[in-house]
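So the structure is just underneath, and the comments pick up after that.
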Amino acid sequence: MSAVTRLSTLAALWRLVRFARPALPRLIGGMVAGLVAGLVALAIPQVLEVLVDSAVGADARDAIVPATLAILGLGLLEAGAILVRRWLVLTPNTRVEAAMRSALYERLQRLPVSFHDRWASGQLLSRAVSDLSLIRRWLAFGLVLLVVNGVTVLVGAVLLIGIQPVLGIVFIVGALPIWIIAARFERTYSVAARRSQDQAGDLATAVEESVHGIRVLKAFGRGGYVQEKFERQAEQLRGTELEKARAAAVLWRWLTLIPDTVLALCLIVGVIIAAQGGLTAGALVAFFATATVLRFPLDSIGFLLAFTLDARNATDRFFEVIDTPVDIEDPRDPLAIEAPRGRLEFRGVHFRYADAKDDAKDLIDGVDLVVEPGETMALVGITGSGKSTITALVPRLYDVTGGEILLDGVDIRRLRLSELRRHVAMAFEDSTLFSDSVRDNVLLGAEDRSDAALKQALEVAQADFVDDLPNGVDTVIGEEGLSLSGGQRQRLALARAVAAAPRVLVLDDPLSALDVDTEARVEAGLRRVLADTTALIVAHRPSTVALADRVALLDEGRVAAVGTHSELLATSERYRFVISSLDDEPHLGEGCGLDIDDEVRRASRDEERGAETLGIPLGEGGRS
Ligand SMILES: Nc1ncnc2c1ncn2[C@@H]1O[C@H](COP(=O)(O)OP(=O)(O)OP(=O)(O)O)[C@@H](O)[C@H]1O
Ligand SMILES: [Mg+2]
């Protein structure tokens, strides 16, 4: 083993102490029991020596009985110690595993959205499941056996030298190549081991995504395509596993060959020495019996080494997540808003995603906008202009990269996250629900968890379909709410935002999936709620714009114009263009006497399809 990698493997695994601490007493107890078993096993040949020598000598009868009893006793002691070792190490590590898993989960919850943009879910899943169970098994068996077998080999080597120095040295020098081969093995194996764990994570992502997107895949008849892709990935993983197995096979071949050869060599040397009278028959037997006891610890080195390297990689992968800094966190000296009024102000706000090209200008390029308390502001812009991005900045799902966002005059970064998110509630473009009851989904962020509050929120969102569900509000909706229609999901997500009764309501295109009739009723409900709630509503439809007191036009990363709908129609050509390209709904365009030709509409549609037609690979779930 090269000093550098051994040290770093040690250092890497040392970090587990933090989590393994509660299990340490039992682990150490297990090691002690294992050592007792190992040392007792080594003691047996020493008694054997007395036994053999006395059988040959004159005082045979006196010594045989006690020596035989001693060997029997030692054998029982060894078996008992092994049992105790197993019993001690088996359970405590399940607790360590559970604690590490909670720590990982807690971290994943705290890490900002930008982390989850970067990380594939399968990589996180494989860390939470297979890596952690590998670490548990290694702590219970790998680590304990590594220490026990290592010490046993050392003590055994000393005993061998004690029995006959020349023979002992022949044995130790003969076994040296094992260490050289093991060092080489570590280098090849650990690289492949890491790759295989990463590939397993990718495979998990592939499974997750295809199960997730099963409807799309089926509908487009693309089952074969993803199957092929999956098989290719699985084949890669198999290749890596083979590579690992080959490296291990080479090691194991040497690990059986070398001790056998060394023993044969020792036998020849031993017989010669004995013939010259330098060794009694008993000592020769003791020597080989001791060497045989060392056989298993020596053989196991290969396996334990591989196991340790796997555990090291699993530990690295675990800490990669745990070590990721949480950059959206509570401030050190938080301020509190005593009586929130809900005045939302964007002041020179800049934002760019971390993966943006260096030379690209900021996606949000200096937005100034004030939403007065109780006011409803619509946000309008062509697709991809950054509307959803702006809404995500308000509850600090992402932090601004320049400028500031103020809530009642306080920079939102000076507020505790819990406070900020109590004041601000959101409904997202894709209305994600959880596999939980309708009630728990809607009341997710609500302080008032009464039936009345639930009923009111559902009423505002016109989610009366809930009454028709098998168990009403207690019906558990399927995974991600996929058993509901798009419009139903959207209304529950809207109800969830309303039920949180926030000062500031941020709605990203909340009515897009509704028919005109339902939309009108939801709007009426929303108007009641919005009367004293500050709202920022992304609008894709002119009818949503109609909800708003004022409209802000987002263009080229800035707010190009703010005013009432009719003011903007009258003064801003860009606004007329954007509004007319938003939707095919004829009433607004007609009402304003706009005459926009199809070209304009098509232009914005084409832009929307740009990414698809260009064949750019989208991130997981297309979330980029
Ligand atoms: N998580 C992300 N990571 C990197 N880039 C992103 C991410 N989310 C969005 N983008 C990019 O930022 C730009 C603005 O996206 P955004 O979702 O804010 O637009 P939008 O105005 O809401 O569009 P739409 O009207 O289609 O909903 C797009 O070019 C998009 O590719
Ligand atoms: Mg959007």
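All residue names refer to the structure tokens as shown: chains lettered A, B, ... in order, residues numbered from 1 in each chain, ligands numbered from 1 in order.
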* To do: If you run DSSP over the backbone, which residues in region 380-582 of chain A end up alpha helix (DSSP H)? Put them as number ranges by chain.
  => A: 387-393, 417-423, 438-442, 451-460, 486-499, 516-530, 542-545, 565-571, 573-582
* Please provide the set of residues having any atom within 12 Å of Glu375 (chain A), restricted to only C-alpha atoms, with same-chain residues fewer than 3 positions apart removed, written as a PyMOL selection string. => chain A and resi 341-344+370-372+378+503-506+527+529-537+547-551+564
Just to be explicit: take each residue in the selection above, keep C-alpha atoms, and write the result as an mmCIF file, in the first residue's frame.
```cif
data_model
loop_
_atom_site.group_PDB
_atom_site.id
_atom_site.type_symbol
_atom_site.label_atom_id
_atom_site.label_comp_id
_atom_site.auth_asym_id
_atom_site.auth_seq_id
_atom_site.Cartn_x
_atom_site.Cartn_y
_atom_site.Cartn_z
ATOM 1 C CA ARG A 341 -47.751 44.275 5.863
ATOM 2 C CA GLY A 342 -46.492 42.446 2.834
ATOM 3 C CA ARG A 343 -44.664 45.102 0.857
ATOM 4 C CA LEU A 344 -42.443 43.332 -1.614
ATOM 5 C CA VAL A 370 -42.439 47.302 -5.923
ATOM 6 C CA VAL A 371 -45.567 45.387 -5.019
ATOM 7 C CA GLU A 372 -47.491 47.418 -2.450
ATOM 8 C CA ALA A 378 -49.085 40.226 -12.649
ATOM 9 C CA ARG A 503 -48.820 37.947 3.599
ATOM 10 C CA VAL A 504 -47.336 37.451 0.160
ATOM 11 C CA LEU A 505 -48.728 34.961 -2.293
ATOM 12 C CA VAL A 506 -46.547 33.987 -5.228
ATOM 13 C CA ARG A 527 -60.079 38.034 -5.704
ATOM 14 C CA VAL A 529 -58.346 36.270 -0.857
ATOM 15 C CA LEU A 530 -56.168 38.690 -2.743
ATOM 16 C CA ALA A 531 -58.071 41.695 -1.435
ATOM 17 C CA ASP A 532 -55.688 42.021 1.500
ATOM 18 C CA THR A 533 -52.851 39.747 0.424
ATOM 19 C CA THR A 534 -49.909 40.948 -1.604
ATOM 20 C CA ALA A 535 -49.636 38.798 -4.702
ATOM 21 C CA LEU A 536 -47.185 38.266 -7.491
ATOM 22 C CA ILE A 537 -48.804 36.221 -10.215
ATOM 23 C CA LEU A 547 -56.895 39.521 -11.859
ATOM 24 C CA ALA A 548 -54.133 41.983 -11.274
ATOM 25 C CA ASP A 549 -54.138 45.587 -10.135
ATOM 26 C CA ARG A 550 -51.005 46.244 -12.119
ATOM 27 C CA VAL A 551 -48.868 44.375 -14.583
ATOM 28 C CA THR A 564 -52.374 48.783 -15.351
#
```
* Mind listing the residues within 8 Å of ligand 1, only C-alpha atoms and all ligand atoms counted, as a list of chain:residue names? ->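 Protein and nucleic-acid residues within 8 Å of ligand 1: A:Val113, A:Ser114, A:Asp117, A:Tyr353, A:Ala354, A:Asp355, A:Ala356, A:Leu363, A:Gly381, A:Ile382, A:Thr383, A:Gly384, A:Ser385, A:Gly386, A:Lys387, A:Ser388, A:Thr389, A:Ile390, A:Glu429, A:Asp508, A:Asp509, A:Val538, A:His540, A:Glu608, A:Arg623, A:Ser624.
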* To do: Name all residues at most 9 Å from region 479-495 of chain A (count only C-alpha atoms; drop same-chain ones fewer than 4 positions away) and give them as JSON, numbers by chain.
  => {"A": [426, 427, 428, 429, 430, 431, 432, 433, 434, 435, 436, 438, 441, 442, 443, 454, 456, 457, 458, 459, 460, 461, 462, 463, 465, 466, 499, 500, 507, 510, 511, 512, 513, 514, 515, 522]}
* Would you kindly return, as a PyMOL selection string, each protein, DNA or RNA residue with an atom no farther than 6 Å from any atom of Ala539 (chain A), considering only C-alpha atoms and excluding same-chain residues fewer than 6 positions away? => chain A and resi 379-380+509+545
For the residues selected in the previous step, produce a file with N, CA and C atoms as a PDB file, in the first residue's frame.
```
ATOM      1  N   LEU A 379     -47.085  39.268 -13.560  1.00  0.00           N
ATOM      2  CA  LEU A 379     -45.769  39.288 -14.194  1.00  0.00           C
ATOM      3  C   LEU A 379     -45.924  38.638 -15.559  1.00  0.00           C
ATOM      4  N   VAL A 380     -45.578  39.396 -16.586  1.00  0.00           N
ATOM      5  CA  VAL A 380     -45.809  38.928 -17.943  1.00  0.00           C
ATOM      6  C   VAL A 380     -44.499  38.970 -18.713  1.00  0.00           C
ATOM      7  N   ASP A 509     -48.315  31.023 -12.658  1.00  0.00           N
ATOM      8  CA  ASP A 509     -49.275  30.573 -13.653  1.00  0.00           C
ATOM      9  C   ASP A 509     -50.258  29.545 -13.070  1.00  0.00           C
ATOM     10  N   VAL A 545     -54.145  37.945 -16.247  1.00  0.00           N
ATOM     11  CA  VAL A 545     -53.712  39.339 -16.129  1.00  0.00           C
ATOM     12  C   VAL A 545     -54.847  40.186 -15.562  1.00  0.00           C
TER      13      VAL A 545
END
```
* 10 Å contact set for Pro22 (chain A), only C-alpha atoms, chain neighbours under 5 positions out, as a ChimeraX atom specification -> /A:17,27,92-93,95-96
Save out the residues we just selected, all heavy atoms, as a PDB file, in the first residue's frame.
```pdb
ATOM      1  N   VAL A  17     -16.092   8.093  12.590  1.00  0.00           N
ATOM      2  CA  VAL A  17     -16.126   8.059  14.054  1.00  0.00           C
ATOM      3  C   VAL A  17     -17.266   8.910  14.597  1.00  0.00           C
ATOM      4  O   VAL A  17     -17.976   8.530  15.518  1.00  0.00           O
ATOM      5  CB  VAL A  17     -14.777   8.539  14.634  1.00  0.00           C
ATOM      6  CG1 VAL A  17     -14.887   8.790  16.118  1.00  0.00           C
ATOM      7  CG2 VAL A  17     -13.713   7.503  14.346  1.00  0.00           C
ATOM      8  N   LEU A  27     -18.253  -2.125  19.502  1.00  0.00           N
ATOM      9  CA  LEU A  27     -17.294  -2.493  18.448  1.00  0.00           C
ATOM     10  C   LEU A  27     -15.950  -2.864  19.058  1.00  0.00           C
ATOM     11  O   LEU A  27     -15.327  -3.863  18.687  1.00  0.00           O
ATOM     12  CB  LEU A  27     -17.103  -1.331  17.474  1.00  0.00           C
ATOM     13  CG  LEU A  27     -18.174  -1.176  16.398  1.00  0.00           C
ATOM     14  CD1 LEU A  27     -17.815  -0.027  15.462  1.00  0.00           C
ATOM     15  CD2 LEU A  27     -18.303  -2.468  15.595  1.00  0.00           C
ATOM     16  N   PRO A  92     -25.207  -2.979  17.005  1.00  0.00           N
ATOM     17  CA  PRO A  92     -25.025  -1.539  17.218  1.00  0.00           C
ATOM     18  C   PRO A  92     -24.932  -0.757  15.911  1.00  0.00           C
ATOM     19  O   PRO A  92     -25.333   0.395  15.851  1.00  0.00           O
ATOM     20  CB  PRO A  92     -23.713  -1.453  17.998  1.00  0.00           C
ATOM     21  CG  PRO A  92     -23.005  -2.703  17.686  1.00  0.00           C
ATOM     22  CD  PRO A  92     -24.065  -3.737  17.512  1.00  0.00           C
ATOM     23  N   ASN A  93     -24.444  -1.424  14.867  1.00  0.00           N
ATOM     24  CA  ASN A  93     -24.221  -0.674  13.635  1.00  0.00           C
ATOM     25  C   ASN A  93     -25.498  -0.335  12.885  1.00  0.00           C
ATOM     26  O   ASN A  93     -25.502   0.550  12.055  1.00  0.00           O
ATOM     27  CB  ASN A  93     -23.268  -1.437  12.740  1.00  0.00           C
ATOM     28  CG  ASN A  93     -21.926  -1.534  13.397  1.00  0.00           C
ATOM     29  OD1 ASN A  93     -21.359  -0.529  13.783  1.00  0.00           O
ATOM     30  ND2 ASN A  93     -21.436  -2.751  13.574  1.00  0.00           N
ATOM     31  N   ARG A  95     -27.867   1.041  14.253  1.00  0.00           N
ATOM     32  CA  ARG A  95     -28.166   2.384  14.759  1.00  0.00           C
ATOM     33  C   ARG A  95     -27.282   3.424  14.067  1.00  0.00           C
ATOM     34  O   ARG A  95     -27.729   4.515  13.752  1.00  0.00           O
ATOM     35  CB  ARG A  95     -27.984   2.429  16.277  1.00  0.00           C
ATOM     36  CG  ARG A  95     -29.211   2.957  16.975  1.00  0.00           C
ATOM     37  CD  ARG A  95     -29.107   2.810  18.479  1.00  0.00           C
ATOM     38  NE  ARG A  95     -29.106   1.414  18.895  1.00  0.00           N
ATOM     39  CZ  ARG A  95     -28.281   0.919  19.828  1.00  0.00           C
ATOM     40  NH1 ARG A  95     -27.385   1.698  20.398  1.00  0.00           N
ATOM     41  NH2 ARG A  95     -28.347  -0.338  20.161  1.00  0.00           N
ATOM     42  N   VAL A  96     -26.019   3.072  13.842  1.00  0.00           N
ATOM     43  CA  VAL A  96     -25.114   3.986  13.148  1.00  0.00           C
ATOM     44  C   VAL A  96     -25.655   4.251  11.741  1.00  0.00           C
ATOM     45  O   VAL A  96     -25.723   5.393  11.281  1.00  0.00           O
ATOM     46  CB  VAL A  96     -23.707   3.372  13.046  1.00  0.00           C
ATOM     47  CG1 VAL A  96     -22.799   4.268  12.220  1.00  0.00           C
ATOM     48  CG2 VAL A  96     -23.140   3.154  14.437  1.00  0.00           C
TER      49      VAL A  96
END
```
* To do: Determine the nearest neighbour of ligand 2 from the options A:Ala200, A:Val424, A:Thr391, A:Leu569, counting only C-alpha atoms and all ligand atoms.
  => A:Thr391
* **Two-atom distance - CA of Leu393 (chain A), CA of Leu526 (chain A) (Å)** =>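 CA of Leu526 (chain A) lies 22.7 Å from CA of Leu393 (chain A).
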* Name the residues of region 288-472 of chain A that fall into strand (DSSP E or B) according to DSSP on the backbone, using the chain letters and numbers of this document, as number ranges by chain. => A: 335, 344-351, 364-371, 376-380, 402-407, 410-411, 415, 424-427, 437
